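Engineer: Next comes model-v3.csv, CSV, C-alpha atoms:
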chain,number,residue,atom,x,y,z
A,661,MET,CA,0.0,0.0,0.0
A,662,THR,CA,1.4,3.4,-1.0
A,663,TYR,CA,0.7,6.5,1.1
A,664,LEU,CA,0.9,9.9,-0.4
A,665,MET,CA,1.8,12.7,1.9
A,666,LYS,CA,-0.2,15.8,1.2
A,667,PRO,CA,1.9,18.9,1.5
A,668,ASN,CA,0.9,21.1,4.4
A,669,PRO,CA,0.0,24.5,2.8
A,670,ASP,CA,0.2,26.2,6.2
A,671,PRO,CA,3.2,25.3,8.2
A,672,PHE,CA,1.8,27.3,11.1
A,673,GLU,CA,-1.6,25.7,11.1
A,674,PHE,CA,-1.3,24.2,14.6
A,675,ILE,CA,0.2,27.0,16.6
A,676,SER,CA,-1.9,29.7,18.4
A,677,PHE,CA,-2.3,33.3,17.5
A,678,SER,CA,0.0,34.3,20.3
A,679,GLU,CA,2.7,31.8,19.2
A,680,LYS,CA,2.4,33.1,15.7
A,681,GLN,CA,2.9,36.7,17.0
A,682,LEU,CA,6.0,35.6,19.0
A,683,LEU,CA,7.5,33.7,16.1
A,684,TYR,CA,6.9,36.6,13.7
A,685,ARG,CA,8.5,39.1,16.1
A,686,GLY,CA,11.5,36.8,16.4
A,687,LEU,CA,11.9,36.6,12.6
A,688,LEU,CA,11.4,40.4,12.3
A,689,SER,CA,14.1,40.9,14.9
A,690,LEU,CA,16.5,38.8,12.8
A,691,VAL,CA,15.9,41.1,9.8
A,692,THR,CA,15.9,44.5,11.6
A,693,SER,CA,19.1,43.6,13.5
A,694,ASN,CA,20.9,43.0,10.2
A,695,SER,CA,21.8,39.5,11.4
A,696,GLY,CA,22.0,38.2,7.8
A,697,TYR,CA,20.3,35.0,8.8
A,698,GLY,CA,18.0,33.8,6.0
A,699,PHE,CA,19.7,35.9,3.4
A,700,HIS,CA,21.8,35.1,0.3
A,701,ASN,CA,25.4,34.7,1.6
A,702,ASN,CA,24.1,35.9,5.0
A,703,ASP,CA,24.3,39.5,3.7
A,704,GLN,CA,21.3,41.8,3.6
A,705,GLY,CA,23.3,44.2,1.5
A,706,GLN,CA,23.2,41.9,-1.5
A,707,PRO,CA,21.9,43.5,-4.8
A,708,ALA,CA,18.8,41.2,-4.6
A,709,TYR,CA,17.5,43.2,-1.7
A,710,ALA,CA,18.6,46.6,-2.8
A,711,ILE,CA,16.9,46.1,-6.2
A,712,GLY,CA,14.0,44.2,-4.7
A,713,ARG,CA,12.8,47.2,-2.8
A,714,ASP,CA,10.8,48.1,-5.9
A,715,GLY,CA,9.5,44.5,-6.3
A,716,THR,CA,12.1,43.5,-8.9
A,717,GLN,CA,13.2,39.9,-8.7
A,718,ASP,CA,15.6,37.8,-10.7
A,719,TYR,CA,17.0,34.7,-8.9
A,720,GLN,CA,19.4,33.9,-11.7
A,721,LYS,CA,20.9,37.4,-11.9
A,722,TRP,CA,20.8,38.5,-8.2
A,723,GLY,CA,20.8,35.2,-6.3
A,724,ASP,CA,17.6,35.5,-4.3
A,725,SER,CA,13.8,35.9,-4.9
A,726,ALA,CA,10.5,35.5,-3.1
A,727,GLU,CA,10.2,31.9,-4.5
A,728,HIS,CA,13.6,30.9,-3.1
A,729,ASN,CA,13.9,32.7,0.2
A,730,CYS,CA,12.6,30.7,3.2
A,731,LEU,CA,12.6,33.6,5.6
A,732,PHE,CA,10.5,35.7,3.2
A,733,LYS,CA,8.0,32.8,2.8
A,734,MET,CA,7.7,32.4,6.6
A,735,MET,CA,7.3,36.1,7.3
A,736,HIS,CA,4.8,36.5,4.4
A,737,THR,CA,2.7,33.6,5.6
A,738,LEU,CA,2.7,34.8,9.2
A,739,SER,CA,2.0,38.4,8.1
A,740,VAL,CA,-1.1,37.4,6.1
A,741,GLU,CA,-2.4,35.1,8.9
A,742,LEU,CA,-1.8,37.7,11.7
A,743,ASN,CA,-3.4,40.5,9.7
A,744,GLU,CA,-6.4,38.4,9.0
A,745,ALA,CA,-6.8,37.3,12.6
A,746,ALA,CA,-6.1,40.7,14.2
A,747,ILE,CA,-8.8,41.0,16.9
A,748,ASP,CA,-8.6,44.8,17.5
A,749,GLY,CA,-6.8,46.1,14.4
A,750,THR,CA,-3.9,47.4,16.4
A,751,ALA,CA,-1.3,45.4,14.6
A,752,GLU,CA,1.8,47.2,13.3
A,753,LEU,CA,1.0,46.8,9.6
A,754,ALA,CA,4.2,48.6,8.7
A,755,ASP,CA,6.2,45.7,10.1
A,756,TYR,CA,4.3,43.1,8.1
A,757,VAL,CA,5.7,41.5,5.0
A,758,PHE,CA,3.0,41.3,2.4
A,759,SER,CA,5.3,41.4,-0.7
A,760,TRP,CA,8.9,40.9,-1.8
A,761,SER,CA,9.3,44.7,-1.8
A,762,ASN,CA,8.2,44.9,1.8
A,763,PHE,CA,10.7,42.3,2.8
A,764,CYS,CA,13.6,43.9,0.8
A,765,GLU,CA,12.8,47.3,2.2
A,766,LEU,CA,13.0,46.0,5.8
A,767,ALA,CA,16.2,44.0,5.1
A,768,TYR,CA,18.0,46.7,3.1
A,769,THR,CA,17.0,49.5,5.5
A,770,ALA,CA,18.5,47.5,8.4
A,771,TYR,CA,21.7,46.9,6.4
A,772,LEU,CA,22.0,50.7,5.6
A,773,ARG,CA,21.4,51.6,9.3
A,774,ALA,CA,24.2,49.1,10.3
A,775,GLN,CA,26.6,50.6,7.8
A,776,ALA,CA,25.9,54.1,9.0
A,777,ASP,CA,26.3,53.1,12.7
A,778,PRO,CA,28.4,49.9,13.1
A,779,SER,CA,27.7,49.8,16.8
A,780,GLU,CA,24.1,48.8,15.9
A,781,ALA,CA,25.3,45.7,13.9
A,782,ALA,CA,24.2,42.3,15.1
Could you write out this file's structure as structure tokens?
Structural biologist:
Amino acid sequence: MTYLMKPNPDPFEFISFSEKQLLYRGLLSLVTSNSGYGFHNNDQGQPAYAIGRDGTQDYQKWGDSAEHNCLFKMMHTLSVELNEAAIDGTAELADYVFSWSNFCELAYTAYLRAQADPSEAA
């Protein structure tokens, strides 16, 4: 007998709203601290993110894209879910990642901030 495993479309299906918030804040902290974790060559200053701020993507040319970046996929999924489940509408929408350009803007801004003030680097 052959069993086919159905892919889970929502990797966060079984965690609570509070756990999703906590996880998202942790991932956001990785990005805003310019840690490099989850980025091509662990470098948020890569051209993929500078250019990606306007939504442009080309994995072959720049080395990363929405389809290939696991951190983006996780943050995007959580952003959509948290936004849809927001009880009182007080969520910080500016911190959510609804698109590749949102993700790249957060990432590259953190990179530029760290370049301007190395004491803030992760």
Engineer: Give as a short mmCIF file (atom, residue, chain, number, x, y, z; two decimals) with C-alpha atoms, in the coordinates of the input each residue that has an atom at most 12 Å from (17.3, 40.0, -2.0) in the file, counting all atoms listed in the file.
Structural biologist:
data_model
loop_
_atom_site.label_atom_id
_atom_site.label_comp_id
_atom_site.auth_asym_id
_atom_site.auth_seq_id
_atom_site.Cartn_x
_atom_site.Cartn_y
_atom_site.Cartn_z
CA VAL A 691 15.90 41.10 9.80
CA GLY A 696 22.00 38.20 7.80
CA GLY A 698 18.00 33.80 6.00
CA PHE A 699 19.70 35.90 3.40
CA HIS A 700 21.80 35.10 0.30
CA ASN A 701 25.40 34.70 1.60
CA ASN A 702 24.10 35.90 5.00
CA ASP A 703 24.30 39.50 3.70
CA GLN A 704 21.30 41.80 3.60
CA GLY A 705 23.30 44.20 1.50
CA GLN A 706 23.20 41.90 -1.50
CA PRO A 707 21.90 43.50 -4.80
CA ALA A 708 18.80 41.20 -4.60
CA TYR A 709 17.50 43.20 -1.70
CA ALA A 710 18.60 46.60 -2.80
CA ILE A 711 16.90 46.10 -6.20
CA GLY A 712 14.00 44.20 -4.70
CA ARG A 713 12.80 47.20 -2.80
CA ASP A 714 10.80 48.10 -5.90
CA GLY A 715 9.50 44.50 -6.30
CA THR A 716 12.10 43.50 -8.90
CA GLN A 717 13.20 39.90 -8.70
CA ASP A 718 15.60 37.80 -10.70
CA TYR A 719 17.00 34.70 -8.90
CA GLN A 720 19.40 33.90 -11.70
CA LYS A 721 20.90 37.40 -11.90
CA TRP A 722 20.80 38.50 -8.20
CA GLY A 723 20.80 35.20 -6.30
CA ASP A 724 17.60 35.50 -4.30
CA SER A 725 13.80 35.90 -4.90
CA ALA A 726 10.50 35.50 -3.10
CA GLU A 727 10.20 31.90 -4.50
CA HIS A 728 13.60 30.90 -3.10
CA ASN A 729 13.90 32.70 0.20
CA CYS A 730 12.60 30.70 3.20
CA LEU A 731 12.60 33.60 5.60
CA PHE A 732 10.50 35.70 3.20
CA TRP A 760 8.90 40.90 -1.80
CA SER A 761 9.30 44.70 -1.80
CA ASN A 762 8.20 44.90 1.80
CA PHE A 763 10.70 42.30 2.80
CA CYS A 764 13.60 43.90 0.80
CA GLU A 765 12.80 47.30 2.20
CA LEU A 766 13.00 46.00 5.80
CA ALA A 767 16.20 44.00 5.10
CA TYR A 768 18.00 46.70 3.10
CA TYR A 771 21.70 46.90 6.40
#
Engineer: Rounded to one decimal, what separation in Å do you get between atom CA of A:Leu772 and atom CA of A:Lys680?
Structural biologist: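 For atom CA of A:Leu772 relative to atom CA of A:Lys680, the distance reads 28.2 Å.
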Engineer: Please report the interatomic distance between atom CA of A:Leu688 and atom CA of A:Leu738 in Å with one decimal.
Structural biologist: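 These atoms are spaced 10.8 Å apart.
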Engineer: Could you state the separation of atom CA of A:Leu683 and atom CA of A:Pro778 in Å, given to one decimal place?
Structural biologist: 26.6 Å
Engineer: Go through A:Asp777, A:Glu679, A:Glu673, A:Asp755 one by one, measure the shortest atom-to-atom distance of each to A:Met735 using only C-alpha atoms, and give the residue with the smallest value.
Structural biologist: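 Going through A:Asp777, A:Glu679, A:Glu673, A:Asp755 one by one, the smallest distance to A:Met735 is for A:Asp755.
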